[in-house]
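Trainee: So here's input37.tsv (TSV, C-alpha atoms and all ligand atoms).
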chain	number	residue	atom	x	y	z
A	1	MET	CA	86.17	82.52	102.81
A	2	PRO	CA	86.64	85.67	100.64
A	3	GLU	CA	86.66	89.01	102.39
A	4	ASP	CA	85.01	92.34	101.49
A	5	VAL	CA	86.10	93.82	98.18
A	6	ARG	CA	88.84	96.41	98.72
A	7	ASN	CA	89.26	99.47	96.51
A	8	LEU	CA	93.00	98.93	96.40
A	9	VAL	CA	95.47	96.33	97.57
A	10	ILE	CA	99.14	97.32	97.42
A	11	ILE	CA	101.61	94.45	97.35
A	12	GLY	CA	104.97	95.46	98.81
A	13	SER	CA	106.13	97.92	101.47
A	14	GLY	CA	109.26	99.60	100.12
A	15	PRO	CA	109.28	103.28	99.10
A	16	ALA	CA	107.01	102.57	96.10
A	17	GLY	CA	104.35	100.65	98.04
A	18	LEU	CA	104.32	103.00	101.02
A	19	THR	CA	104.21	106.16	98.90
A	20	ALA	CA	101.30	104.64	96.96
A	21	ALA	CA	99.65	103.93	100.34
A	22	ILE	CA	100.16	107.51	101.56
A	23	TYR	CA	98.57	108.93	98.40
A	24	ALA	CA	95.73	106.40	98.24
A	25	SER	CA	94.85	106.71	101.93
A	26	ARG	CA	94.81	110.51	101.69
A	27	SER	CA	92.31	109.98	98.83
A	28	LEU	CA	90.19	107.96	101.29
A	29	LEU	CA	90.59	104.70	99.32
A	30	LYS	CA	91.40	102.85	102.57
A	31	PRO	CA	94.12	100.73	100.92
A	32	LEU	CA	95.48	97.48	102.30
A	33	VAL	CA	99.25	97.01	102.06
A	34	VAL	CA	100.32	93.37	101.95
A	35	ALA	CA	103.74	94.23	103.33
A	36	GLY	CA	105.52	90.87	103.17
A	37	ARG	CA	107.04	88.87	106.03
A	38	THR	CA	110.12	91.09	105.93
A	39	PRO	CA	108.52	94.50	105.39
A	40	GLY	CA	110.27	97.64	104.26
A	41	GLY	CA	112.12	96.56	101.13
A	42	GLN	CA	115.76	97.08	100.29
A	43	LEU	CA	116.23	100.19	102.43
A	44	MET	CA	115.89	97.95	105.49
A	45	ILE	CA	119.33	96.57	104.66
A	46	THR	CA	120.90	99.87	103.71
A	47	SER	CA	122.97	102.08	105.95
A	48	GLU	CA	122.83	105.82	105.56
A	49	VAL	CA	120.68	107.31	102.80
A	50	GLU	CA	122.18	110.65	101.79
A	51	ASN	CA	120.22	111.35	98.64
A	52	PHE	CA	116.58	111.22	99.74
A	53	PRO	CA	115.36	114.84	99.56
A	54	GLY	CA	114.44	116.44	102.88
A	55	PHE	CA	117.17	114.82	104.97
A	56	PRO	CA	120.25	117.06	104.63
A	57	GLU	CA	122.00	115.19	107.46
A	58	GLY	CA	121.16	111.81	105.88
A	59	ILE	CA	118.86	109.19	107.39
A	60	MET	CA	119.32	105.49	108.10
A	61	GLY	CA	117.38	103.34	105.59
A	62	PRO	CA	115.30	101.48	108.22
A	63	ASP	CA	114.40	104.79	109.95
A	64	LEU	CA	113.17	106.21	106.65
A	65	MET	CA	110.95	103.17	106.11
A	66	VAL	CA	109.49	103.42	109.64
A	67	LYS	CA	108.60	107.05	108.95
A	68	MET	CA	106.97	106.19	105.61
A	69	ARG	CA	104.90	103.45	107.22
A	70	GLU	CA	103.82	105.78	110.05
A	71	GLN	CA	102.78	108.34	107.46
A	72	ALA	CA	100.69	105.74	105.59
A	73	GLU	CA	99.11	104.48	108.85
A	74	LYS	CA	98.26	108.03	109.91
A	75	PHE	CA	95.92	108.37	106.91
A	76	GLY	CA	94.20	105.01	107.47
A	77	THR	CA	96.21	102.42	105.52
A	78	ASP	CA	95.74	98.85	106.75
A	79	PHE	CA	98.77	96.53	106.86
A	80	LEU	CA	99.14	92.78	106.57
A	81	ASP	CA	102.72	91.64	107.28
A	82	ASP	CA	102.54	88.50	105.20
A	83	ASP	CA	103.43	87.28	101.70
A	84	ILE	CA	101.07	86.92	98.76
A	85	THR	CA	101.09	83.24	97.74
A	86	SER	CA	99.16	83.52	94.45
A	87	VAL	CA	97.09	85.95	92.41
A	88	ASP	CA	94.30	85.62	89.87
A	89	PHE	CA	94.08	88.71	87.69
A	90	GLY	CA	91.72	86.90	85.30
A	91	LYS	CA	88.83	87.40	87.75
A	92	ARG	CA	87.01	90.62	88.67
A	93	PRO	CA	87.36	91.62	91.44
A	94	PHE	CA	90.97	90.46	91.43
A	95	GLU	CA	91.77	87.59	93.80
A	96	LEU	CA	94.90	87.54	95.92
A	97	ARG	CA	95.72	84.69	98.24
A	98	VAL	CA	97.74	84.93	101.43
A	99	GLY	CA	97.91	81.32	102.58
A	100	ASP	CA	94.27	80.28	103.22
A	101	ARG	CA	93.03	83.84	103.14
A	102	THR	CA	91.53	85.27	99.92
A	103	LEU	CA	91.64	89.03	99.40
A	104	LEU	CA	89.43	90.69	96.81
A	105	ALA	CA	90.42	93.97	95.15
A	106	LYS	CA	89.06	96.33	92.51
A	107	THR	CA	92.59	97.57	91.82
A	108	VAL	CA	96.06	96.28	92.68
A	109	ILE	CA	99.43	98.01	92.79
A	110	VAL	CA	102.37	95.62	92.51
A	111	ALA	CA	105.35	97.11	94.33
A	112	THR	CA	107.30	94.02	95.32
A	113	GLY	CA	110.69	95.47	94.34
A	114	ALA	CA	113.80	93.46	93.66
A	115	SER	CA	116.12	91.18	95.69
A	116	ALA	CA	119.86	90.77	95.89
A	117	LEU	CA	121.55	88.36	93.47
A	118	TRP	CA	124.05	85.72	94.61
A	119	LEU	CA	127.10	84.25	92.91
A	120	GLY	CA	125.51	80.81	92.74
A	121	ILE	CA	128.55	78.75	93.78
A	122	GLU	CA	128.22	75.90	96.25
A	123	SER	CA	130.67	77.33	98.80
A	124	GLU	CA	128.69	80.58	98.93
A	125	LYS	CA	125.69	78.63	100.28
A	126	ARG	CA	127.86	76.55	102.60
A	127	PHE	CA	129.37	79.62	104.29
A	128	MET	CA	126.18	81.71	104.34
A	129	GLY	CA	126.05	83.29	107.80
A	130	LYS	CA	129.52	81.86	108.51
A	131	GLY	CA	131.43	84.58	106.73
A	132	VAL	CA	129.31	85.08	103.60
A	133	SER	CA	126.79	87.90	103.73
A	134	GLY	CA	124.71	90.13	101.49
A	135	CYS	CA	124.26	92.89	104.03
A	136	ALA	CA	127.09	94.94	105.50
A	137	THR	CA	124.70	96.89	107.70
A	138	CYS	CA	123.37	93.68	109.21
A	139	ASP	CA	126.62	91.75	109.60
A	140	GLY	CA	129.52	94.21	109.34
A	141	ALA	CA	129.94	94.64	113.08
A	142	PHE	CA	130.75	90.91	113.41
A	143	PHE	CA	133.95	91.44	111.45
A	144	ARG	CA	136.17	93.71	113.57
A	145	ASN	CA	139.85	94.18	112.71
A	146	VAL	CA	139.85	91.47	110.04
A	147	PRO	CA	140.33	91.66	106.24
A	148	LEU	CA	137.15	91.43	104.15
A	149	ALA	CA	136.21	91.14	100.47
A	150	VAL	CA	133.30	92.74	98.66
A	151	ILE	CA	132.26	91.30	95.31
A	152	GLY	CA	130.84	93.63	92.65
A	153	GLY	CA	131.56	96.91	90.91
A	154	GLY	CA	128.35	98.93	91.33
A	155	ASP	CA	127.15	101.45	93.91
A	156	SER	CA	126.01	98.69	96.25
A	157	ALA	CA	129.48	97.13	96.28
A	158	LEU	CA	131.18	100.42	97.08
A	159	GLU	CA	128.55	101.34	99.64
A	160	GLU	CA	129.11	97.99	101.37
A	161	ALA	CA	132.88	98.44	101.17
A	162	LEU	CA	132.76	101.95	102.64
A	163	PHE	CA	130.50	100.84	105.47
A	164	LEU	CA	132.69	97.83	106.25
A	165	THR	CA	135.79	100.03	106.68
A	166	ARG	CA	134.27	101.08	110.02
A	167	PHE	CA	135.05	97.62	111.35
A	168	ALA	CA	137.45	95.79	109.04
A	169	SER	CA	141.23	96.08	108.96
A	170	SER	CA	141.01	96.20	105.12
A	171	VAL	CA	138.39	95.75	102.41
A	172	THR	CA	139.25	94.38	98.96
A	173	VAL	CA	136.69	95.02	96.25
A	174	VAL	CA	136.77	92.22	93.66
A	175	HIS	CA	135.32	93.22	90.29
A	176	ARG	CA	134.96	91.13	87.14
A	177	ARG	CA	135.97	94.03	84.85
A	178	ASP	CA	138.63	96.77	85.05
A	179	GLU	CA	136.08	99.59	85.24
A	180	LEU	CA	133.55	100.25	87.97
A	181	ARG	CA	129.85	100.66	87.23
A	182	ALA	CA	129.36	102.75	90.39
A	183	SER	CA	128.65	106.50	90.38
A	184	LYS	CA	131.56	108.96	90.36
A	185	ILE	CA	130.96	110.19	93.91
A	186	MET	CA	131.06	106.64	95.30
A	187	ILE	CA	134.25	105.88	93.34
A	188	LYS	CA	135.83	109.05	94.72
A	189	LYS	CA	134.87	108.11	98.30
A	190	ALA	CA	136.23	104.58	97.87
A	191	ASN	CA	139.48	105.81	96.31
A	192	GLU	CA	139.96	108.25	99.17
A	193	ASN	CA	139.48	105.55	101.80
A	194	GLY	CA	142.86	104.10	102.77
A	195	LYS	CA	141.34	100.75	103.82
A	196	ILE	CA	139.85	99.98	100.39
A	197	SER	CA	141.78	98.36	97.54
A	198	PHE	CA	140.66	96.72	94.27
A	199	ILE	CA	141.31	93.49	92.43
A	200	TRP	CA	140.27	93.86	88.79
A	201	ASP	CA	139.14	91.41	86.09
A	202	SER	CA	138.51	88.70	88.66
A	203	VAL	CA	135.69	86.41	89.70
A	204	VAL	CA	135.23	84.27	92.78
A	205	LYS	CA	135.89	80.64	91.97
A	206	GLU	CA	135.51	79.35	95.47
A	207	ILE	CA	135.09	80.50	99.03
A	208	VAL	CA	137.31	78.49	101.36
A	209	GLY	CA	137.54	77.89	105.08
A	210	ASP	CA	136.89	75.36	107.80
A	211	LYS	CA	133.95	76.28	110.04
A	212	THR	CA	134.07	79.89	108.89
A	213	VAL	CA	135.51	81.68	105.86
A	214	SER	CA	139.29	82.01	105.67
A	215	GLY	CA	139.66	83.18	102.07
A	216	VAL	CA	138.50	83.30	98.48
A	217	VAL	CA	140.02	81.73	95.39
A	218	LEU	CA	139.90	84.26	92.57
A	219	ALA	CA	140.26	83.60	88.85
A	220	ASN	CA	141.51	86.33	86.55
A	221	VAL	CA	139.09	86.40	83.61
A	222	LYS	CA	141.78	87.60	81.18
A	223	THR	CA	144.68	85.35	82.11
A	224	GLY	CA	142.91	82.48	83.87
A	225	ALA	CA	145.43	82.79	86.72
A	226	GLU	CA	144.12	81.79	90.14
A	227	THR	CA	145.06	83.56	93.36
A	228	LYS	CA	144.00	83.18	96.98
A	229	LEU	CA	142.97	86.19	98.98
A	230	ASP	CA	142.92	85.76	102.77
A	231	VAL	CA	139.71	87.25	104.15
A	232	LYS	CA	137.42	86.44	107.06
A	233	GLY	CA	134.26	87.65	105.36
A	234	VAL	CA	132.83	87.91	101.84
A	235	PHE	CA	130.09	90.44	101.11
A	236	VAL	CA	128.29	89.80	97.82
A	237	ALA	CA	126.87	92.94	96.15
A	238	ILE	CA	126.30	92.05	92.48
A	239	GLY	CA	122.88	93.50	91.76
A	240	HIS	CA	119.26	92.42	91.97
A	241	LYS	CA	116.41	90.48	90.40
A	242	PRO	CA	112.76	91.56	90.38
A	243	ASN	CA	110.41	89.86	92.85
A	244	THR	CA	107.86	88.72	90.28
A	245	GLU	CA	107.74	84.90	90.64
A	246	VAL	CA	104.19	85.03	91.99
A	247	PHE	CA	103.02	87.04	88.93
A	248	ALA	CA	104.39	84.70	86.25
A	249	GLY	CA	101.56	83.83	83.86
A	250	GLN	CA	99.42	86.63	85.31
A	251	LEU	CA	101.31	89.73	84.10
A	252	PRO	CA	103.57	90.21	81.06
A	253	LEU	CA	107.21	90.17	82.19
A	254	ASP	CA	110.34	91.02	80.21
A	255	GLU	CA	113.22	88.59	79.65
A	256	LYS	CA	114.75	89.46	83.04
A	257	GLY	CA	111.43	89.10	84.86
A	258	TYR	CA	110.61	92.80	85.25
A	259	ILE	CA	106.94	93.77	84.79
A	260	ARG	CA	106.21	95.41	81.44
A	261	LEU	CA	104.11	98.58	81.61
A	262	LYS	CA	101.56	99.61	79.03
A	263	ARG	CA	100.78	103.23	79.82
A	264	GLY	CA	101.75	105.31	82.90
A	265	SER	CA	102.02	102.72	85.65
A	266	SER	CA	99.32	100.49	84.11
A	267	THR	CA	100.16	96.91	83.23
A	268	GLU	CA	98.47	95.00	80.39
A	269	ILE	CA	95.72	94.11	82.87
A	270	GLU	CA	93.47	97.13	83.36
A	271	GLY	CA	93.24	97.94	87.05
A	272	VAL	CA	96.61	96.35	87.88
A	273	PHE	CA	99.46	98.83	88.24
A	274	ALA	CA	103.17	98.36	88.92
A	275	SER	CA	105.44	100.62	90.83
A	276	GLY	CA	109.16	100.93	91.60
A	277	ASP	CA	112.01	98.43	91.12
A	278	VAL	CA	109.63	95.64	90.11
A	279	HIS	CA	109.41	97.28	86.67
A	280	ASP	CA	112.12	99.95	86.74
A	281	HIS	CA	115.55	98.41	86.20
A	282	ARG	CA	117.03	101.65	84.95
A	283	TYR	CA	116.83	104.17	87.82
A	284	ARG	CA	116.22	101.95	90.88
A	285	GLN	CA	116.50	104.70	93.48
A	286	ALA	CA	114.43	105.11	96.65
A	287	VAL	CA	113.24	108.47	95.39
A	288	THR	CA	112.29	107.20	91.92
A	289	ALA	CA	110.49	104.24	93.49
A	290	ALA	CA	108.59	106.70	95.73
A	291	GLY	CA	107.77	108.75	92.63
A	292	TRP	CA	106.39	105.66	90.92
A	293	GLY	CA	104.34	104.93	94.06
A	294	CYS	CA	102.69	108.32	93.68
A	295	VAL	CA	102.06	107.74	89.95
A	296	SER	CA	100.46	104.34	90.53
A	297	ALA	CA	98.20	105.61	93.34
A	298	LEU	CA	96.96	108.44	91.09
A	299	ASP	CA	96.46	105.98	88.22
A	300	ALA	CA	94.51	103.59	90.48
A	301	GLN	CA	92.39	106.44	91.81
A	302	LYS	CA	91.52	107.61	88.28
A	303	TYR	CA	90.72	104.05	87.22
A	304	LEU	CA	88.36	103.64	90.18
A	305	GLU	CA	86.64	106.95	89.41
A	306	GLU	CA	86.11	105.90	85.79
A	307	HIS	CA	84.93	102.37	86.61
A	308	THR	CA	82.75	102.89	89.67
A	309	THR	CA	79.07	103.21	88.92
A	310	GLY	CA	76.27	104.60	91.02
A	401	LIG	P1	124.44	97.09	89.61
A	401	LIG	O1	124.58	98.55	89.34
A	401	LIG	O2	123.67	96.24	88.67
A	401	LIG	O3	125.91	96.51	89.76
A	401	LIG	C1	126.15	95.13	89.92
A	401	LIG	C2	127.64	94.90	89.86
A	401	LIG	O4	127.89	93.52	90.12
A	401	LIG	C3	128.22	95.24	88.51
A	401	LIG	O5	129.48	95.86	88.67
A	401	LIG	C4	128.36	93.86	87.85
A	401	LIG	O6	129.44	93.77	86.97
A	401	LIG	C5	128.60	92.95	89.02
A	401	LIG	N1	128.10	91.59	88.80
A	401	LIG	C6	126.87	91.21	88.37
A	401	LIG	N2	126.76	89.87	88.33
A	401	LIG	C7	127.96	89.38	88.73
A	401	LIG	C8	128.47	88.08	88.91
A	401	LIG	N3	127.71	86.99	88.69
A	401	LIG	N4	129.74	87.95	89.35
A	401	LIG	C9	130.50	89.04	89.59
A	401	LIG	N5	130.07	90.30	89.47
A	401	LIG	C10	128.81	90.48	89.04
A	401	LIG	O7	123.77	96.83	91.04
A	401	LIG	P2	123.89	97.65	92.38
A	401	LIG	O8	125.28	98.03	92.69
A	401	LIG	O9	123.13	96.84	93.36
A	401	LIG	O10	123.08	98.99	92.10
A	401	LIG	C11	121.73	98.93	91.63
A	401	LIG	C12	121.15	100.34	91.50
A	401	LIG	O11	121.01	100.92	92.81
A	401	LIG	C13	122.04	101.28	90.70
A	401	LIG	O12	121.21	102.13	89.94
A	401	LIG	C14	122.76	102.06	91.77
A	401	LIG	O13	123.15	103.34	91.33
A	401	LIG	C15	121.71	102.14	92.86
A	401	LIG	N6	122.38	102.27	94.20
A	401	LIG	C16	122.69	103.54	94.62
A	401	LIG	C17	123.33	103.71	95.83
A	401	LIG	C18	123.68	105.09	96.28
A	401	LIG	O14	123.52	106.03	95.51
A	401	LIG	N7	124.15	105.28	97.50
A	401	LIG	C19	123.66	102.62	96.64
A	401	LIG	C20	123.35	101.33	96.16
A	401	LIG	C21	122.71	101.17	94.94
A	401	LIG	P3	129.46	94.57	85.58
A	401	LIG	O15	129.76	96.00	85.95
A	401	LIG	O16	130.55	93.90	84.83
A	401	LIG	O17	128.11	94.38	84.99
Mind turning the file's structure into structure tokens?
Ligand code: NAP
Mentor:
Amino acid sequence: MPEDVRNLVIIGSGPAGLTAAIYASRSLLKPLVVAGRTPGGQLMITSEVENFPGFPEGIMGPDLMVKMREQAEKFGTDFLDDDITSVDFGKRPFELRVGDRTLLAKTVIVATGASALWLGIESEKRFMGKGVSGCATCDGAFFRNVPLAVIGGGDSALEEALFLTRFASSVTVVHRRDELRASKIMIKKANENGKISFIWDSVVKEIVGDKTVSGVVLANVKTGAETKLDVKGVFVAIGHKPNTEVFAGQLPLDEKGYIRLKRGSSTEIEGVFASGDVHDHRYRQAVTAAGWGCVSALDAQKYLEEHTTG
């Protein structure tokens, strides 16, 4: 049974979705945020955020998301902590399904963000939760006084490595090239940390162990030589993919699955806007996602003003 037509449904509850909600609710649009079953986005699995303006002492990622949600609730945003299962942007009002429930919306902001990528080898799956992890903040404390490996060469990899030095006896960052992609400040921090070392030009061929991880087999991409590194945990931090599966066939996506924008935050479908990491693969920061959230709320508001009669 369809529900009342909403002015605005925001899909996603990271910095983009929640900033859009703060702006839209302050404009009295009474938005609904479909927040997902694991609300809060990528900052929920981040440790300290030092570069979000207004927090000179830094703030923990999950704490920042709680504050953003409180701010959106304060101005009258409704929340549904569930996942969208399908959308129909061919109909007006737009139809969004959450299981058996059908939501109707005059405008939609897609702010579903991006998710961590995995290596895709069989042993990675086999040891998931038994020494393989994608979240140092979540799992780091389980690995006290043992050697660990972090896979990747970007900011996420170095952030994970730095965080893990709180617990681990040593952290080896394994990167497939001989040059890091991470920002200079993160490289400096990692180089200054006596527990962190690097293995260059190498990829993980296999993760080995019995019940839990005991090491990784690495292959040098230049020489082909294989080596074994003894570690008790492997943290994979090799980037992200956009969460757009549910929009395939409904919105134009680029070759990597990111939503293509037409003008401002507007997609090809008038009245459907996209915000944050789901379309922005270049900047991908909490603060740029929040900025996009603001842009998309203002765009949705203007669209509603121009298309509401009477
Ligand atoms: P990223 O910048 O895309 O880096 C991914 C890294 O993983 C790259 O070094 C890449 O190697 C490597 N990689 C990708 N696929 C691989 C595979 N199959 N096997 C082995 N290695 C693989 O992703 P990210 O580190 O998650 O960062 C994403 C964005 O968030 C960036 O803009 C970053 O600045 C930002 N971020 C910022 C902070 C911070 O400021 N504190 C923290 C985290 C993230 P190549 O280099 O060879 O491509």
Trainee: Can I get the residues close to ligand LIG 401 (chain A) as an MDAnalysis selection string, where close means within 9 Å and we count only C-alpha atoms and all ligand atoms?
Mentor: chainID A and resid 46 48:51 116:120 151:160 174:183 185:186 202:204 236:240 281:286
Trainee: Neighbouring residues of A:Ile109 were defined as those with any atom within 6 Å, considering all atoms listed in the file; residues of the same chain fewer than 3 positions away were excluded. Please report them as a PyMOL selection string.
Mentor: chain A and resi 10+272-274
Trainee: In Å, rounded to a single decimal, give me how far atom CA of A:Thr85 is from atom CA of A:Gly14.
Mentor: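 Distance reported for this atom pair: 18.4 Å.
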Trainee: Can you list, as JSON, numbers by chain, every protein, DNA or RNA residue that comes within 6 Å of A:Val33 when you count only C-alpha atoms, leaving out same-chain residues fewer than 6 positions away?
Mentor: {"A": [9, 10, 11, 79]}
Trainee: Using all atoms listed in the file, which protein or nucleic acid residues come within 12 Å of A:Leu304? Drop anything in the same chain fewer than 2 positions from it, and give the result as a list in words.
Mentor: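 Those residues are Arg6, Asn7, Leu8, Ala24, Ser27, Leu29, Ala105, Lys106, Thr107, Val108, Glu270, Gly271, Val272, Ala297, Leu298, Asp299, Ala300, Gln301, Lys302, Glu306, His307, Thr308 and Thr309 of chain A.
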Trainee: Please, what distance in Å, to one decimal, runs between atom CA of A:Ala149 and atom CA of A:Gly58?
Mentor: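 Result for atom CA of A:Ala149 versus atom CA of A:Gly58: 26.1 Å, one decimal.
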Trainee: Just add N, CA, C and O atoms to stretch 209-222 of chain A and send it as a JSON list (two decimals), keeping the file's coordinate frame.
Mentor:
[["chain", "number", "residue", "atom", "x", "y", "z"],
["A", 209, "GLY", "N", 137.48, 77.74, 103.63],
["A", 209, "GLY", "CA", 137.54, 77.89, 105.08],
["A", 209, "GLY", "C", 137.25, 76.55, 105.73],
["A", 209, "GLY", "O", 137.04, 75.54, 105.03],
["A", 210, "ASP", "N", 137.23, 76.58, 107.07],
["A", 210, "ASP", "CA", 136.89, 75.36, 107.80],
["A", 210, "ASP", "C", 135.46, 75.53, 108.30],
["A", 210, "ASP", "O", 134.50, 75.29, 107.57],
["A", 211, "LYS", "N", 135.32, 76.01, 109.55],
["A", 211, "LYS", "CA", 133.95, 76.28, 110.04],
["A", 211, "LYS", "C", 133.46, 77.63, 109.53],
["A", 211, "LYS", "O", 132.27, 77.83, 109.28],
["A", 212, "THR", "N", 134.40, 78.56, 109.41],
["A", 212, "THR", "CA", 134.07, 79.89, 108.89],
["A", 212, "THR", "C", 135.04, 80.22, 107.74],
["A", 212, "THR", "O", 136.02, 79.51, 107.54],
["A", 213, "VAL", "N", 134.73, 81.30, 107.05],
["A", 213, "VAL", "CA", 135.51, 81.68, 105.86],
["A", 213, "VAL", "C", 136.95, 82.06, 106.25],
["A", 213, "VAL", "O", 137.16, 82.78, 107.24],
["A", 214, "SER", "N", 137.90, 81.56, 105.46],
["A", 214, "SER", "CA", 139.29, 82.01, 105.67],
["A", 214, "SER", "C", 139.86, 82.65, 104.40],
["A", 214, "SER", "O", 140.94, 83.23, 104.42],
["A", 215, "GLY", "N", 139.14, 82.53, 103.28],
["A", 215, "GLY", "CA", 139.66, 83.18, 102.07],
["A", 215, "GLY", "C", 138.78, 82.92, 100.86],
["A", 215, "GLY", "O", 137.77, 82.20, 100.94],
["A", 216, "VAL", "N", 139.18, 83.54, 99.75],
["A", 216, "VAL", "CA", 138.50, 83.30, 98.48],
["A", 216, "VAL", "C", 139.55, 82.96, 97.42],
["A", 216, "VAL", "O", 140.64, 83.53, 97.40],
["A", 217, "VAL", "N", 139.17, 82.03, 96.55],
["A", 217, "VAL", "CA", 140.02, 81.73, 95.39],
["A", 217, "VAL", "C", 139.47, 82.54, 94.23],
["A", 217, "VAL", "O", 138.28, 82.41, 93.87],
["A", 218, "LEU", "N", 140.33, 83.39, 93.66],
["A", 218, "LEU", "CA", 139.90, 84.26, 92.57],
["A", 218, "LEU", "C", 140.50, 83.78, 91.26],
["A", 218, "LEU", "O", 141.64, 83.29, 91.24],
["A", 219, "ALA", "N", 139.74, 83.93, 90.18],
["A", 219, "ALA", "CA", 140.26, 83.60, 88.85],
["A", 219, "ALA", "C", 140.27, 84.88, 88.02],
["A", 219, "ALA", "O", 139.25, 85.57, 87.94],
["A", 220, "ASN", "N", 141.42, 85.18, 87.44],
["A", 220, "ASN", "CA", 141.51, 86.33, 86.55],
["A", 220, "ASN", "C", 140.85, 85.97, 85.23],
["A", 220, "ASN", "O", 141.23, 84.97, 84.60],
["A", 221, "VAL", "N", 139.86, 86.77, 84.80],
["A", 221, "VAL", "CA", 139.09, 86.40, 83.61],
["A", 221, "VAL", "C", 139.90, 86.60, 82.32],
["A", 221, "VAL", "O", 139.54, 86.05, 81.28],
["A", 222, "LYS", "N", 140.97, 87.37, 82.39],
["A", 222, "LYS", "CA", 141.78, 87.60, 81.18],
["A", 222, "LYS", "C", 142.90, 86.58, 81.05],
["A", 222, "LYS", "O", 143.21, 86.11, 79.95]]
